[in-house]
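Trainee: Structure provided below as structure tokens; questions to follow.
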Amino acid sequence: MNSIIQTNPYVLVDSEAKDKLSNKLTGEKILCGDKIIELVNFLKAPRAYESIEQEFSEIKEQLPQVIDALLAKKFLLKPDQLEEAVTTITPCTPHLFNLPFFSKSKKNEINDKGIVFVGVPLGIGNKTNQTASYYPNALRNYSEKYGIKLNSGSNFNVKSFGPKNNYQNLQTLINEGRLFDIGNMFFDLNESPDFCYEKVESIARDLFKESEKQIPFFVGGDHSISYPLIKAAVDEFGDDLCVIHFDAHTDTYGSPYNQIKHGKKIHHHGNFLTKCFENGLKHAYQFGIRGMVNSNQSDNNEFQTIYWSGETKELIKSGHLFDELPKDKKYYVTFDFDVLDPLFFAGTTTPVINGFTLEECQYLINHVIKGRDIVGVDVVELYTDKGDIGVTHQIAIQFILDLLNAIA
Ligand SMILES: [Mn+2]
């Protein structure tokens, strides 16, 4: 071993149990002896392996093994592992809907796919308001405060959200214990936007790799997070992947800046879908598009099928079944809450009149999503300082449950 090693700066000696080390990034804790605590303290400054050997000469024999084990758990790091160490999901308390963590043993226990909630507390794609980044934890706190429990063994009564017969799938998910909360993606103020989005993509990629075991359900965040999420999905599922997009906006908006090419340009919550199309996404079905901001939007093109809000309301009234969306594709669902009419939903920075009612949106979820192969979902654009936050939470939870019921 001839390299520099340092302690992961997020690793701390437990303040109460002095024989316990905890990794604040991953939530992992390990019990260890005095020598290892000494080693971890010694390596708070990066050191060459030879100087570690000198300092710990009395355990020279075991040292390589000890260091390898701590490196494998990312309690110690080599210089090139720092970025990897902060590309992680951090468990959060309280747990969303009182759900357990998706441990390895749980993965083996369940017979069907688990649905795992992942918070993406990133709001830098909206330059005027970044409170969407607070949303995942705000929702966790709300779910705890009102005792909303979706873990197996809970007495959750689906009738509190709608007619029992409509929520059979949700009831099954709860009974079989197939819902999980694995925490938030870790972000830090010191990180560049580029790096934040790379991390989102990299973590999503790992989640999609286990798609036979789980469906990730991301809670944003502003809509810019959907670009790295969908890019990861496209890379995993290929040309078969389509997007079902609920939004007042097409999120393909340009500006004169599009003509300016420079490497550090980043996307935002109003053009994430353009970036998806540039990076392999073949098609998006867009529901709820409307308003003056779309008055120059052409009806359909190679990449987009647009369901204008007004026309879609007519289709819903006539009982349209939306069978034109192929059943043999895979779908990623992205849900921007401004798809709802501002009369119902005010927790947005981009209200547009003539949106869907709650029932119209539920109809779409039941006919467009149910029965199709869904590989991932995100809900985004929930702002904690707009409208009545209590109503925002209730609407968010209602649609999260409707989406769970539809993708199960
Ligand atoms: Mn959007």
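By order of appearance in the structure tokens: chains A, B, ..., then residues from 1 within every chain, and ligands from 1 in the order shown.
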Please write out the residues within 10 Å of ligand 1 as an mmCIF file with C-alpha atoms, in the first residue's frame, counting only C-alpha atoms and all ligand atoms.
Mentor:
data_model
loop_
_atom_site.group_PDB
_atom_site.id
_atom_site.type_symbol
_atom_site.label_atom_id
_atom_site.label_comp_id
_atom_site.auth_asym_id
_atom_site.auth_seq_id
_atom_site.Cartn_x
_atom_site.Cartn_y
_atom_site.Cartn_z
ATOM 1 C CA ASP A 222 -37.529 21.652 -8.462
ATOM 2 C CA HIS A 223 -38.116 20.243 -11.938
ATOM 3 C CA SER A 224 -34.450 20.531 -12.975
ATOM 4 C CA SER A 226 -35.806 15.328 -13.555
ATOM 5 C CA HIS A 245 -45.250 14.335 -17.891
ATOM 6 C CA PHE A 246 -47.879 16.201 -15.836
ATOM 7 C CA ASP A 247 -47.281 19.947 -16.026
ATOM 8 C CA ALA A 248 -48.799 23.267 -17.077
ATOM 9 C CA HIS A 249 -45.573 23.788 -19.022
ATOM 10 C CA THR A 250 -43.732 21.806 -21.678
ATOM 11 C CA ASP A 251 -40.414 22.591 -19.936
ATOM 12 C CA THR A 252 -38.772 22.868 -23.348
ATOM 13 C CA HIS A 268 -33.052 24.711 -15.198
ATOM 14 C CA HIS A 269 -36.617 23.820 -14.245
ATOM 15 C CA GLY A 270 -38.026 25.305 -17.466
ATOM 16 C CA ASN A 271 -35.900 23.411 -19.995
ATOM 17 C CA PHE A 272 -35.086 20.062 -18.384
ATOM 18 C CA LEU A 273 -37.047 18.149 -21.015
ATOM 19 C CA THR A 334 -42.742 13.153 -13.721
ATOM 20 C CA PHE A 335 -45.390 15.134 -11.872
ATOM 21 C CA ASP A 336 -45.192 18.928 -11.548
ATOM 22 C CA PHE A 337 -47.944 20.117 -9.203
ATOM 23 C CA ASP A 338 -48.636 23.235 -11.267
ATOM 24 C CA VAL A 339 -50.580 20.872 -13.535
ATOM 25 C CA THR A 350 -45.695 29.218 -11.629
ATOM 26 C CA VAL A 379 -43.041 14.575 -7.811
ATOM 27 C CA VAL A 380 -41.543 18.064 -8.006
ATOM 28 C CA GLU A 381 -42.143 21.811 -7.689
#
Trainee: Residues of region 202-352 of chain A classed as strand (DSSP E or B) by DSSP on the backbone are to be reported as a PyMOL selection string.
Mentor: chain A and resi 214-220+241-246+283-289+300+304-308+330-336+340
Trainee: Could you pull out the alpha helix (DSSP H) residues of region 27-128 of chain A, going by DSSP on the backbone, and write them as a ChimeraX atom specification?
Mentor: /A:34-42,49-55,63-72,82-85,104-109
Trainee: Please list as a count of residues only every residue within 8 Å of Lys20 (chain A), counting only C-alpha atoms and excluding residues in the same chain fewer than 4 positions away.
Mentor: 6
Trainee: Would you give me, as CSV, each residue of region 222-288 of chain A having an atom within 6 Å of an atom of region 191-202 of chain A, along with its shortest atom pair and that distance in Å to one decimal, using only C-alpha atoms and sorting by chain and residue number?
Mentor:
residue,atom,partner,partner_atom,distance
A:Pro228,CA,A:Glu201,CA,4.6
A:Leu229,CA,A:Glu201,CA,5.5
A:Ala232,CA,A:Glu201,CA,5.6
Trainee: Find the distance between CA of Lys113 (chain A) and CA of Lys213 (chain A) and write it in Å to one decimal.
Mentor: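 Computed distance, CA of Lys113 (chain A) to CA of Lys213 (chain A), equals 4.8 Å.
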Trainee: For Pro326 (chain A), find every residue with an atom within 12 Å (counting only C-alpha atoms), except residues of its own chain fewer than 4 positions away, and show them as a CSV table (one decimal) with N, CA and C atoms, in the first residue's frame.
Mentor:
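Okay, this is what ended up in part-v1.csv:
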chain,number,residue,atom,x,y,z
A,240,ASP,N,-36.9,2.1,-25.4
A,240,ASP,CA,-38.2,1.8,-24.9
A,240,ASP,C,-38.8,2.8,-23.9
A,241,LEU,N,-37.9,3.6,-23.4
A,241,LEU,CA,-38.4,4.4,-22.3
A,241,LEU,C,-39.1,5.7,-22.8
A,242,CYS,N,-40.3,5.9,-22.3
A,242,CYS,CA,-41.1,7.1,-22.6
A,242,CYS,C,-41.3,7.8,-21.3
A,243,VAL,N,-41.6,9.1,-21.4
A,243,VAL,CA,-41.9,9.9,-20.2
A,243,VAL,C,-43.4,10.3,-20.2
A,244,ILE,N,-44.1,10.1,-19.1
A,244,ILE,CA,-45.4,10.7,-18.9
A,244,ILE,C,-45.2,11.9,-18.0
A,283,HIS,N,-39.5,9.9,-26.4
A,283,HIS,CA,-40.8,10.5,-26.4
A,283,HIS,C,-41.4,10.8,-25.1
A,285,TYR,N,-45.2,12.1,-23.3
A,285,TYR,CA,-46.6,12.4,-23.3
A,285,TYR,C,-46.9,13.5,-22.3
A,322,PHE,N,-57.4,6.6,-23.1
A,322,PHE,CA,-56.0,6.9,-23.4
A,322,PHE,C,-55.2,5.6,-23.8
A,330,LYS,N,-41.8,1.1,-21.6
A,330,LYS,CA,-41.6,1.5,-20.2
A,330,LYS,C,-41.8,3.0,-20.0
A,331,TYR,N,-42.2,3.3,-18.8
A,331,TYR,CA,-42.5,4.7,-18.6
A,331,TYR,C,-41.9,5.3,-17.3
A,368,VAL,N,-53.9,6.7,-17.4
A,368,VAL,CA,-52.7,6.8,-18.2
A,368,VAL,C,-51.6,6.0,-17.5
A,369,ILE,N,-51.6,5.9,-16.2
A,369,ILE,CA,-50.5,5.2,-15.5
A,369,ILE,C,-50.8,3.8,-15.2
A,371,GLY,N,-51.7,0.1,-15.2
A,371,GLY,CA,-51.6,-0.9,-16.3
A,371,GLY,C,-50.4,-0.7,-17.2
A,372,ARG,N,-49.6,0.3,-16.9
A,372,ARG,CA,-48.4,0.4,-17.7
A,372,ARG,C,-47.2,0.1,-16.9
A,373,ASP,N,-46.1,-0.2,-17.6
A,373,ASP,CA,-44.9,-0.6,-16.9
A,373,ASP,C,-44.1,0.7,-16.4
Trainee: Can you check which parts of region 204-278 of chain A lie within 12 Å of region 79-95 of chain A? Per residue, the shortest pair of atoms and distance in Å to one decimal, counting only C-alpha atoms, sorted by chain and number, as a Markdown table.
Mentor:
| residue | atom | partner | partner_atom | distance |
| --- | --- | --- | --- | --- |
| A:Ala204 | CA | A:Thr88 | CA | 10.3 |
| A:Arg205 | CA | A:Thr87 | CA | 11.8 |
| A:Asp206 | CA | A:Thr88 | CA | 10.4 |
| A:Leu207 | CA | A:Ile89 | CA | 10.8 |
| A:Phe218 | CA | A:Ile89 | CA | 11.9 |
Trainee: Restricting it to C-alpha atoms, dump the selection as a PDB file, in the first residue's frame.
Mentor:
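For reference, selection03.pdb as written:
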ATOM      1  CA  ALA A 204     -30.439   7.228  -9.844  1.00  0.00           C
ATOM      2  CA  ARG A 205     -28.360   4.966 -12.091  1.00  0.00           C
ATOM      3  CA  ASP A 206     -27.600   2.675  -9.134  1.00  0.00           C
ATOM      4  CA  LEU A 207     -31.281   2.573  -8.168  1.00  0.00           C
ATOM      5  CA  PHE A 218     -38.270  10.648  -6.006  1.00  0.00           C
TER       6      PHE A 218
END
Trainee: Quick one: everything within 10 Å of Glu302 (chain A), counting only C-alpha atoms, minus sequence neighbours fewer than 2 positions away in the same chain. Send it as number ranges by chain.
Mentor: A: 282-284, 300, 304-305
Trainee: For a quick check of understanding, using only C-alpha atoms, which of A:Gln214, A:Ser143, A:Thr349, A:Ser57 has the smallest distance to Ala396 (chain A)?
Mentor: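 Closest to Ala396 (chain A) of all the choices is A:Ser143.
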Trainee: Using only C-alpha atoms, which of A:Ala69, A:Ser295, A:Gly355, A:Ile407 sits nearest Leu343 (chain A)?
Mentor: A:Gly355
Trainee: Mind pulling up the distance from CA of Gly119 (chain A) to CA of Asn184 (chain A)?
Mentor: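 Taking CA of Asn184 (chain A) and CA of Gly119 (chain A), their separation equals 4.2 Å.
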Trainee: Compile the contact shell of region 314-320 of chain A as a PyMOL selection string: residues with an atom at most 8 Å away, counting only C-alpha atoms, same-chain residues fewer than 6 positions apart removed.
Mentor: chain A and resi 360+363-364
Trainee: Residues at most 8 Å from Val219 (chain A), counting only C-alpha atoms, excluding those fewer than 3 positions away in the same chain, as a count of residues only?
Mentor: 10
Trainee: Nearest to Lys18 (chain A) among A:Lys145, A:Ile215, A:Ile5, A:Ile36, with distances taken over only C-alpha atoms: which residue is it?
Mentor: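 Comparing A:Lys145, A:Ile215, A:Ile5, A:Ile36 against Lys18 (chain A), the winner is A:Ile36.
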Trainee: Give me, please, the distance in Å between CA of Lys73 (chain A) and CA of Phe97 (chain A), quoted to one decimal.
Mentor: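 So the answer is 29.0 Å.
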Trainee: My list of candidates is A:Gly390, A:Gly125, A:Gly162, A:Gly147. Which is closest to Ile225 (chain A) when distances are computed with only C-alpha atoms?
Mentor: A:Gly125
